[in-house]
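Peer 1: Enclosed is the structure file entry_24.txt (compact mmCIF, C-alpha atoms and all ligand atoms).
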# COMPACT_ATOMS: atom_id res chain seq x y z
CA MET A 172 -53.15 115.66 -131.80
CA ASP A 173 -53.26 115.64 -127.99
CA PHE A 174 -49.45 115.28 -127.93
CA ALA A 175 -49.07 118.56 -129.85
CA ARG A 176 -49.71 120.78 -126.84
CA TYR A 177 -46.40 119.61 -125.34
CA LEU A 178 -44.43 120.17 -128.53
CA ILE A 179 -42.01 123.07 -128.84
CA ARG A 180 -40.18 124.00 -132.08
CA PRO A 181 -36.95 125.69 -130.96
CA GLU A 182 -35.54 125.80 -134.50
CA ARG A 183 -38.25 128.39 -135.29
CA TRP A 184 -37.56 130.68 -132.35
CA GLU A 185 -36.06 134.09 -132.99
CA GLU A 186 -34.75 134.33 -129.43
CA ILE A 187 -32.26 131.69 -128.32
CA PRO A 188 -32.03 130.87 -125.41
CA PRO A 189 -35.75 131.48 -124.91
CA ASP A 190 -37.54 132.78 -121.83
CA TRP A 191 -38.50 129.40 -120.38
CA ALA A 192 -40.82 130.96 -117.80
CA VAL A 193 -42.92 132.36 -120.66
CA LEU A 194 -42.90 129.01 -122.48
CA PHE A 195 -44.11 127.20 -119.36
CA GLY A 196 -46.48 129.95 -118.27
CA ARG A 197 -44.72 130.06 -114.91
CA ALA A 198 -41.24 130.46 -113.44
CA GLY A 199 -39.68 127.31 -112.05
CA PRO A 200 -36.48 125.29 -111.79
CA LEU A 201 -35.65 123.57 -115.08
CA ALA A 202 -35.03 119.83 -115.45
CA VAL A 203 -34.07 118.13 -118.72
CA GLU A 204 -34.36 114.54 -119.96
CA ILE A 205 -32.39 113.59 -123.08
CA GLY A 206 -33.60 110.57 -125.09
CA PHE A 207 -36.89 110.14 -123.16
CA GLY A 208 -38.10 107.26 -125.40
CA ASN A 209 -41.80 106.65 -124.79
CA GLY A 210 -41.91 109.12 -121.89
CA GLU A 211 -42.52 106.82 -118.90
CA PHE A 212 -39.98 108.66 -116.74
CA LEU A 213 -41.26 112.13 -117.69
CA VAL A 214 -44.80 111.24 -116.61
CA GLU A 215 -43.59 109.92 -113.25
CA ALA A 216 -41.11 112.74 -112.70
CA ALA A 217 -43.67 115.43 -113.49
CA HIS A 218 -46.02 113.89 -110.88
CA ALA A 219 -43.25 113.41 -108.31
CA HIS A 220 -41.80 116.92 -108.78
CA PRO A 221 -44.65 119.26 -109.74
CA GLU A 222 -42.44 122.23 -108.85
CA LEU A 223 -40.06 121.50 -111.77
CA ASN A 224 -40.47 122.56 -115.40
CA TRP A 225 -39.41 119.51 -117.45
CA VAL A 226 -37.96 119.75 -120.96
CA GLY A 227 -37.47 116.54 -122.97
CA PHE A 228 -35.34 116.15 -126.11
CA GLU A 229 -35.67 113.21 -128.50
CA THR A 230 -34.40 112.45 -131.99
CA GLY A 231 -37.24 109.96 -132.68
CA LEU A 232 -40.52 111.45 -133.94
CA THR A 233 -42.64 108.47 -132.85
CA CYS A 234 -41.21 108.86 -129.33
CA ILE A 235 -42.48 112.46 -129.27
CA VAL A 236 -45.97 111.32 -130.25
CA LYS A 237 -46.06 108.41 -127.80
CA ALA A 238 -44.64 110.42 -124.89
CA GLY A 239 -46.95 113.36 -125.63
CA ARG A 240 -49.99 111.05 -125.58
CA LYS A 241 -48.87 109.53 -122.28
CA LEU A 242 -48.45 112.99 -120.77
CA ALA A 243 -51.90 114.04 -122.02
CA ARG A 244 -53.54 110.89 -120.60
CA ALA A 245 -51.82 111.55 -117.26
CA GLY A 246 -53.02 115.17 -117.29
CA VAL A 247 -49.48 116.44 -116.82
CA GLU A 248 -48.89 120.14 -117.51
CA HIS A 249 -45.34 121.28 -116.91
CA VAL A 250 -43.48 119.32 -119.58
CA ARG A 251 -42.32 120.45 -123.01
CA LEU A 252 -40.99 118.11 -125.73
CA ALA A 253 -38.71 118.93 -128.67
CA LEU A 254 -37.53 116.87 -131.63
CA ALA A 255 -33.86 117.74 -131.33
CA ASP A 256 -30.42 116.33 -130.67
CA GLY A 257 -30.19 116.73 -126.91
CA ARG A 258 -26.46 117.45 -126.98
CA PHE A 259 -26.94 120.46 -129.22
CA ALA A 260 -30.22 121.58 -127.63
CA LEU A 261 -28.87 121.51 -124.08
CA ARG A 262 -25.97 123.72 -125.10
CA GLU A 263 -27.89 126.16 -127.29
CA LEU A 264 -31.26 126.53 -125.57
CA PHE A 265 -30.20 127.18 -121.96
CA SER A 266 -28.03 129.95 -120.64
CA ASP A 267 -25.22 129.33 -118.15
CA GLY A 268 -26.46 128.06 -114.80
CA ALA A 269 -30.12 127.89 -115.95
CA VAL A 270 -30.74 124.17 -115.36
CA ASP A 271 -31.15 122.29 -112.07
CA CYS A 272 -31.00 118.74 -113.26
CA VAL A 273 -30.27 116.70 -116.43
CA VAL A 274 -31.09 113.00 -116.73
CA VAL A 275 -30.27 110.40 -119.38
CA HIS A 276 -31.67 106.88 -119.12
CA PHE A 277 -30.29 104.04 -121.21
CA PRO A 278 -28.61 106.10 -123.93
CA CYS A 279 -27.73 104.17 -127.10
CA PRO A 280 -24.21 102.93 -126.18
CA TRP A 281 -22.73 102.94 -129.73
CA PRO A 282 -19.94 100.59 -128.61
CA LYS A 283 -17.96 100.65 -131.89
CA GLN A 284 -15.22 103.29 -131.98
CA SER A 285 -16.33 104.26 -135.51
CA HIS A 286 -19.75 105.28 -134.06
CA ALA A 287 -18.35 107.04 -131.00
CA GLU A 288 -19.37 110.50 -132.21
CA ARG A 289 -23.05 109.44 -131.92
CA ARG A 290 -22.79 108.87 -128.14
CA VAL A 291 -24.58 111.46 -126.03
CA MET A 292 -21.94 111.34 -123.32
CA ASP A 293 -18.48 112.64 -124.21
CA GLY A 294 -16.10 115.39 -123.17
CA ASP A 295 -18.08 118.12 -124.98
CA PHE A 296 -21.29 117.02 -123.30
CA ALA A 297 -19.62 117.08 -119.87
CA ARG A 298 -18.45 120.65 -120.57
CA THR A 299 -21.97 121.63 -121.67
CA LEU A 300 -23.35 120.18 -118.43
CA ALA A 301 -20.82 122.14 -116.38
CA ALA A 302 -21.96 125.32 -118.14
CA VAL A 303 -25.76 124.98 -118.12
CA LEU A 304 -26.15 123.42 -114.66
CA GLY A 305 -26.39 125.87 -111.79
CA PRO A 306 -24.26 125.59 -108.60
CA GLY A 307 -24.87 122.13 -107.14
CA GLY A 308 -26.82 121.13 -110.26
CA ARG A 309 -27.16 117.39 -110.85
CA PHE A 310 -26.63 114.97 -113.71
CA GLU A 311 -28.02 111.44 -113.52
CA LEU A 312 -27.26 108.58 -115.88
CA THR A 313 -28.78 105.09 -115.90
CA THR A 314 -27.35 102.48 -118.23
CA ASP A 315 -26.98 98.74 -118.68
CA VAL A 316 -23.42 99.26 -120.00
CA LEU A 317 -20.92 99.58 -117.16
CA ARG A 318 -18.17 100.78 -119.49
CA TYR A 319 -20.39 103.64 -120.68
CA ALA A 320 -21.00 104.74 -117.09
CA GLU A 321 -17.28 104.52 -116.29
CA ASP A 322 -16.36 106.61 -119.35
CA ALA A 323 -19.05 109.13 -118.40
CA ALA A 324 -17.61 109.36 -114.88
CA ALA A 325 -14.14 110.07 -116.30
CA HIS A 326 -15.47 112.86 -118.59
CA LEU A 327 -17.48 114.39 -115.76
CA GLU A 328 -14.59 114.23 -113.32
CA ARG A 329 -12.40 116.12 -115.79
CA ALA A 330 -15.14 118.77 -116.04
CA GLY A 331 -15.02 119.26 -112.25
CA PHE A 332 -18.04 117.16 -111.18
CA GLN A 333 -18.27 115.25 -107.90
CA ILE A 334 -19.16 111.70 -108.82
CA ALA A 335 -21.14 108.97 -107.04
CA GLY A 336 -21.06 105.62 -108.79
CA PRO A 337 -21.45 103.78 -111.01
CA THR A 338 -23.47 101.71 -108.57
CA ALA A 339 -25.73 98.75 -109.33
CA VAL A 340 -29.45 99.58 -109.26
CA LEU A 341 -30.98 96.56 -107.57
CA ALA A 342 -34.50 97.83 -106.90
CA ALA A 343 -36.69 99.89 -109.23
CA GLY A 344 -34.86 102.43 -111.38
CA PRO A 345 -36.35 105.11 -113.63
CA GLY A 346 -39.22 102.83 -114.73
CA THR A 347 -38.65 103.21 -118.47
CA ARG A 348 -39.33 100.76 -121.29
CA TYR A 349 -35.62 99.97 -121.61
CA GLU A 350 -35.24 99.35 -117.91
CA ALA A 351 -38.06 96.77 -118.14
CA LYS A 352 -36.47 95.24 -121.25
CA TRP A 353 -33.00 94.86 -119.75
CA ARG A 354 -34.36 93.54 -116.45
CA ARG A 355 -36.33 90.86 -118.33
CA GLU A 356 -33.05 89.86 -119.99
CA GLY A 357 -31.32 89.78 -116.59
CA ARG A 358 -28.81 92.55 -117.41
CA PRO A 359 -27.33 94.52 -114.51
CA ILE A 360 -28.33 98.18 -114.37
CA TRP A 361 -25.98 100.97 -113.35
CA SER A 362 -26.57 104.42 -111.97
CA LEU A 363 -24.15 107.33 -112.04
CA ARG A 364 -24.86 110.57 -110.22
CA ALA A 365 -22.80 113.69 -110.57
CA GLN A 366 -22.95 117.10 -108.96
CA ARG A 367 -21.56 120.19 -110.63
CA GLY A 368 -18.35 121.54 -109.10
CA ARG A 369 -16.61 124.43 -110.85
CA LYS A 370 -18.63 126.35 -113.40
CA GLY A 371 -17.87 125.39 -116.98
CA CYS A 372 -18.01 127.42 -120.15
CA THR A 373 -19.12 126.45 -123.61
CA LEU A 374 -19.24 128.04 -127.03
CA ARG A 375 -22.76 128.52 -128.40
CA ILE A 376 -23.27 128.83 -132.14
CA ALA A 377 -26.99 129.08 -132.92
CA GLU A 378 -28.71 132.43 -133.34
CA GLY A 379 -32.35 133.30 -133.78
CA THR A 380 -32.16 135.64 -136.71
CA MET A 381 -31.59 134.63 -140.32
CA PRO A 382 -31.24 137.56 -142.68
CA HIS A 383 -32.71 137.06 -146.11
CA VAL A 384 -30.44 138.05 -148.97
CA ARG A 385 -31.89 140.08 -151.86
CA ILE A 386 -30.19 140.03 -155.24
CA GLY A 387 -30.93 142.98 -157.48
CA ARG A 388 -31.81 140.97 -160.57
CA ALA A 389 -33.73 137.93 -161.76
CA VAL A 390 -31.75 134.70 -162.14
CA THR A 391 -32.07 132.12 -164.89
CA PRO A 392 -32.79 128.38 -164.51
CA GLY A 393 -29.33 127.74 -165.97
CA ALA A 394 -27.69 129.79 -163.22
CA LEU A 395 -29.74 127.97 -160.56
CA ALA A 396 -28.76 124.52 -161.87
CA GLN A 397 -25.09 125.41 -161.45
CA LEU A 398 -25.58 125.82 -157.69
CA VAL A 399 -25.65 122.04 -157.24
CA GLY A 400 -22.29 121.02 -155.79
CA LEU A 401 -21.59 124.47 -154.32
CA LYS A 402 -19.71 123.82 -151.09
CA GLU A 403 -17.37 125.29 -148.53
CA THR A 404 -15.39 123.70 -145.73
CA TRP A 405 -13.57 125.36 -142.85
CA PRO A 406 -12.23 124.13 -139.49
CA GLY A 407 -15.27 122.77 -137.62
CA GLY A 408 -17.84 123.22 -140.36
CA ALA A 409 -18.97 122.69 -143.92
CA PHE A 410 -21.97 122.91 -146.20
CA VAL A 411 -22.85 121.49 -149.59
CA ILE A 412 -25.78 122.08 -151.96
CA LYS A 413 -26.79 118.56 -152.91
CA GLY A 414 -29.74 119.00 -155.23
CA ILE A 415 -32.25 121.34 -156.77
CA TYR A 416 -36.01 121.37 -157.40
CA LEU A 417 -36.94 123.89 -160.08
CA SER A 418 -40.48 125.24 -160.32
CA SER A 419 -42.18 126.48 -163.47
CA ASP A 420 -42.10 130.13 -162.29
CA GLY A 421 -38.28 130.12 -162.23
CA SER A 422 -37.96 129.77 -158.45
CA ALA A 423 -36.05 126.88 -156.88
CA LEU A 424 -35.58 124.88 -153.71
CA LEU A 425 -32.02 123.80 -153.00
CA ARG A 426 -31.41 120.70 -150.91
CA ALA A 427 -28.60 121.58 -148.51
CA PHE A 428 -26.52 119.76 -145.93
CA ALA A 429 -24.54 121.59 -143.24
CA THR A 430 -22.38 120.51 -140.33
CA ASP A 431 -21.14 122.58 -137.36
CA GLU A 432 -18.70 120.87 -134.98
CA GLY A 433 -20.31 117.53 -135.91
CA PHE A 434 -23.93 118.75 -135.57
CA GLU A 435 -25.51 117.85 -138.92
CA GLN A 436 -28.60 119.39 -140.48
CA GLN A 437 -30.44 118.94 -143.79
CA TYR A 438 -32.72 121.69 -145.01
CA LEU A 439 -34.00 123.58 -148.04
CA VAL A 440 -32.84 126.97 -149.25
CA ALA A 441 -35.47 128.83 -151.30
CA VAL A 442 -34.45 130.98 -154.24
CA MET A 443 -37.53 133.03 -155.11
CA ARG A 444 -37.46 134.72 -158.47
CA GLY A 445 -39.16 138.05 -159.04
CA THR A 446 -39.08 140.13 -162.22
CA GLU A 447 -36.36 142.47 -161.03
CA GLU A 448 -34.91 140.81 -157.96
CA THR A 449 -34.35 137.42 -156.38
CA LEU A 450 -34.73 136.50 -152.71
CA VAL A 451 -32.55 133.80 -151.13
CA LYS A 452 -33.78 132.48 -147.77
CA LEU A 453 -34.37 129.38 -145.69
CA ASP A 454 -37.48 127.55 -146.76
CA GLY A 455 -40.12 127.25 -144.04
CA ALA A 456 -40.78 123.54 -144.62
CA THR A 457 -37.48 122.33 -143.12
CA VAL A 458 -36.36 124.91 -140.63
CA PRO A 459 -32.82 124.25 -139.35
CA PHE A 460 -31.14 125.88 -136.38
CA ARG A 461 -29.43 129.01 -137.64
CA THR A 462 -25.84 127.87 -137.17
CA PRO A 463 -22.76 129.39 -138.84
CA ALA A 464 -22.76 126.68 -141.55
CA VAL A 465 -26.44 127.26 -142.37
CA LYS A 466 -25.89 131.01 -142.57
CA ARG A 467 -22.83 130.57 -144.74
CA SER A 468 -24.75 128.35 -147.14
CA VAL A 469 -27.46 130.97 -147.67
CA ALA A 470 -24.88 133.74 -148.07
CA ALA A 471 -22.80 131.64 -150.49
CA VAL A 472 -25.80 130.81 -152.69
CA ALA A 473 -26.68 134.50 -152.86
CA ALA A 474 -23.06 135.47 -153.57
CA ALA A 475 -22.73 132.87 -156.35
CA LEU A 476 -25.90 134.16 -158.02
CA GLU A 477 -25.00 137.81 -157.44
CA ASP A 478 -21.49 137.78 -158.85
CA GLY A 479 -22.57 135.85 -161.93
CA ARG A 480 -20.37 132.81 -161.17
CA CYS A 481 -23.51 130.87 -161.98
CA GLY A 482 -24.45 131.98 -165.47
CA PRO A 483 -25.95 132.67 -167.86
C1 LIG B 501 -32.20 103.01 -125.84
S1 LIG B 501 -33.38 104.27 -126.02
C2 LIG B 501 -33.87 104.64 -124.34
C3 LIG B 501 -35.19 105.34 -124.26
C4 LIG B 501 -35.69 105.63 -122.83
N1 LIG B 501 -34.81 106.55 -122.14
C5 LIG B 501 -35.83 104.37 -122.05
O1 LIG B 501 -35.07 104.19 -121.09
O2 LIG B 501 -36.73 103.60 -122.39
C6 LIG B 501 -32.40 105.69 -126.41
C7 LIG B 501 -33.23 106.86 -126.89
O3 LIG B 501 -32.38 108.00 -127.05
C8 LIG B 501 -32.77 108.69 -128.24
N2 LIG B 501 -31.57 109.46 -128.64
C9 LIG B 501 -30.42 108.98 -129.16
N3 LIG B 501 -29.53 109.97 -129.36
C10 LIG B 501 -30.14 111.12 -128.96
C11 LIG B 501 -29.75 112.48 -128.93
N4 LIG B 501 -28.53 112.86 -129.34
N5 LIG B 501 -30.64 113.40 -128.47
C12 LIG B 501 -31.88 113.02 -128.06
N6 LIG B 501 -32.31 111.73 -128.06
C13 LIG B 501 -31.45 110.80 -128.50
C14 LIG B 501 -33.20 107.62 -129.18
O4 LIG B 501 -34.08 108.10 -130.18
C15 LIG B 501 -33.89 106.63 -128.23
O5 LIG B 501 -35.28 106.90 -128.10
Write out the structure in this file as structure tokens.
Peer 2:
Amino acid sequence: MDFARYLIRPERWEEIPPDWAVLFGRAGPLAVEIGFGNGEFLVEAAHAHPELNWVGFETGLTCIVKAGRKLARAGVEHVRLALADGRFALRELFSDGAVDCVVVHFPCPWPKQSHAERRVMDGDFARTLAAVLGPGGRFELTTDVLRYAEDAAAHLERAGFQIAGPTAVLAAGPGTRYEAKWRREGRPIWSLRAQRGRKGCTLRIAEGTMPHVRIGRAVTPGALAQLVGLKETWPGGAFVIKGIYLSSDGSALLRAFATDEGFEQQYLVAVMRGTEETLVKLDGATVPFRTPAVKRSVAAVAAALEDGRCGP
């Protein structure tokens, strides 16, 4: 469990953005790596820049474990790791101008147009960078896909960045596993550097608090079963209740799916039955970020049970 001391769980925080100085135990300029893989760069960067507080975001759980172990073996202190989509986390967890530097090394290129929404780098991400980076803040991208770097440059230019590159990286780059892999295969490696120009703005949607909803009566298993399929859609968001697990005491866990501007989350909503009232809340086992779609799903479940739409 040595990796665990680097782990942060932002989806559980009540205050978003957090006080990073408190989380690191010291004030310091913030640097972010998105998609850090096995953590080779973070270890080197933390040694090379001990003055920076590094935050890494990854969507792969094994990467968190491997990177955390590497950091522990290297005795590195000022790094925090989160299992989170870096596009969402960068926007939601840092206030405007809070970050000095963001790096992405060898992002999955997702070359097919039908997978384009999975790419880290797009127009929204460039706008997020322009908002969270401070004056003169830097973004650095390394990739083996020239087209990806060129597209990134175009997005960043539109967001007011001054661009250098893409340029070929002939000598050692960020020293990551993927750099070694692509060099073995003889692929060219490209670097793009960008410096923030005008300040950008971005719309943040996550909030720390999640009110529980109390219903002034007990609900029946029949009413709970009718919640499956409950859904709402609106411009930019949607949720659906996909399944239900009923317990013998009349409580239930609802399997829910929500999307906000393309950010997808799966989680459980707990319906806890008492003798005279019922509590609807997020279940602690799968804590999602409290986005508008997640909040609407909890409110809609409570409303459906309250107004008797789900009967008997
Ligand atoms: C090709 S690997 C590169 C890993 C590492 N940077 C390297 O150079 O060895 C891309 C990594 O990005 C992670 N990733 C993909 N999309 C992500 C996202 N939206 N947020 C955070 N990490 C992401 C993947 O899990 C994967 O570990």
Peer 1: Distance cut-off 12 Å, centre (-48.3, 116.6, -125.7) in file coordinates, counting only C-alpha atoms: which residues qualify? Return them as a ChimeraX atom specification.
Peer 2: /A:172-179,209-210,213-214,226-227,234-253
Peer 1: Please identify the residues whose atoms come within 6 Å of ligand LIG 501 (chain B), using all atoms listed in the file, and report them as JSON, numbers by chain.
Peer 2: {"A": [205, 206, 207, 208, 228, 229, 230, 231, 256, 257, 258, 276, 277, 278, 279, 291, 347, 348, 349, 350]}
Peer 1: Restricted to C-alpha atoms, what would the selected residues look like written as a CSV table (one decimal), keeping the file's coordinate frame?
Peer 2:
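Saved the output as part-v5.csv:
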chain,number,residue,atom,x,y,z
A,205,ILE,CA,-32.4,113.6,-123.1
A,206,GLY,CA,-33.6,110.6,-125.1
A,207,PHE,CA,-36.9,110.1,-123.2
A,208,GLY,CA,-38.1,107.3,-125.4
A,228,PHE,CA,-35.3,116.2,-126.1
A,229,GLU,CA,-35.7,113.2,-128.5
A,230,THR,CA,-34.4,112.4,-132.0
A,231,GLY,CA,-37.2,110.0,-132.7
A,256,ASP,CA,-30.4,116.3,-130.7
A,257,GLY,CA,-30.2,116.7,-126.9
A,258,ARG,CA,-26.5,117.4,-127.0
A,276,HIS,CA,-31.7,106.9,-119.1
A,277,PHE,CA,-30.3,104.0,-121.2
A,278,PRO,CA,-28.6,106.1,-123.9
A,279,CYS,CA,-27.7,104.2,-127.1
A,291,VAL,CA,-24.6,111.5,-126.0
A,347,THR,CA,-38.6,103.2,-118.5
A,348,ARG,CA,-39.3,100.8,-121.3
A,349,TYR,CA,-35.6,100.0,-121.6
A,350,GLU,CA,-35.2,99.4,-117.9
Peer 1: How big is the axis-aligned box, and where does its centre sit, when it encloses all atoms of region 227-230 of chain A listed in the file and has 4 Å added on every side, reported in Å to one decimal as JSON?
Peer 2:
{"center_x": -35.9, "center_y": 114.5, "center_z": -127.5, "size_x": 11.1, "size_y": 12.1, "size_z": 17.0}
Peer 1: Need to verify the contact set: Gln333 (chain A), 10 Å, all atoms listed in the file, exclusion of same-chain residues closer than 4 positions in sequence. Can you return it as a compact mmCIF listing (two decimals) with C-alpha atoms, keeping the file's coordinate frame?
Peer 2:
# COMPACT_ATOMS: atom_id res chain seq x y z
CA GLY A 307 -24.87 122.13 -107.14
CA ARG A 309 -27.16 117.39 -110.85
CA ALA A 324 -17.61 109.36 -114.88
CA LEU A 327 -17.48 114.39 -115.76
CA GLU A 328 -14.59 114.23 -113.32
CA ARG A 329 -12.40 116.12 -115.79
CA ARG A 364 -24.86 110.57 -110.22
CA ALA A 365 -22.80 113.69 -110.57
CA GLN A 366 -22.95 117.10 -108.96
CA ARG A 367 -21.56 120.19 -110.63
CA GLY A 368 -18.35 121.54 -109.10
CA ARG A 369 -16.61 124.43 -110.85
Peer 1: Would you list the contacts of Leu261 (chain A) as a PDB file with C-alpha atoms, keeping the file's coordinate frame, taking every protein, DNA or RNA residue within 9 Å and counting only C-alpha atoms, but skipping same-chain residues closer than 6 positions in sequence?
Peer 2:
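This is the output file part-v9.pdb:
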ATOM      1  CA  VAL A 203     -34.070 118.130-118.720  1.00  0.00           C
ATOM      2  CA  ILE A 205     -32.390 113.590-123.080  1.00  0.00           C
ATOM      3  CA  PHE A 228     -35.340 116.150-126.110  1.00  0.00           C
ATOM      4  CA  PHE A 296     -21.290 117.020-123.300  1.00  0.00           C
ATOM      5  CA  THR A 299     -21.970 121.630-121.670  1.00  0.00           C
ATOM      6  CA  LEU A 300     -23.350 120.180-118.430  1.00  0.00           C
ATOM      7  CA  VAL A 303     -25.760 124.980-118.120  1.00  0.00           C
TER       8      VAL A 303
END
Peer 1: Report, in Å to a single decimal, how far apart CA of Ala464 (chain A) and CA of Asp190 (chain A) are.
Peer 2: 25.4 Å
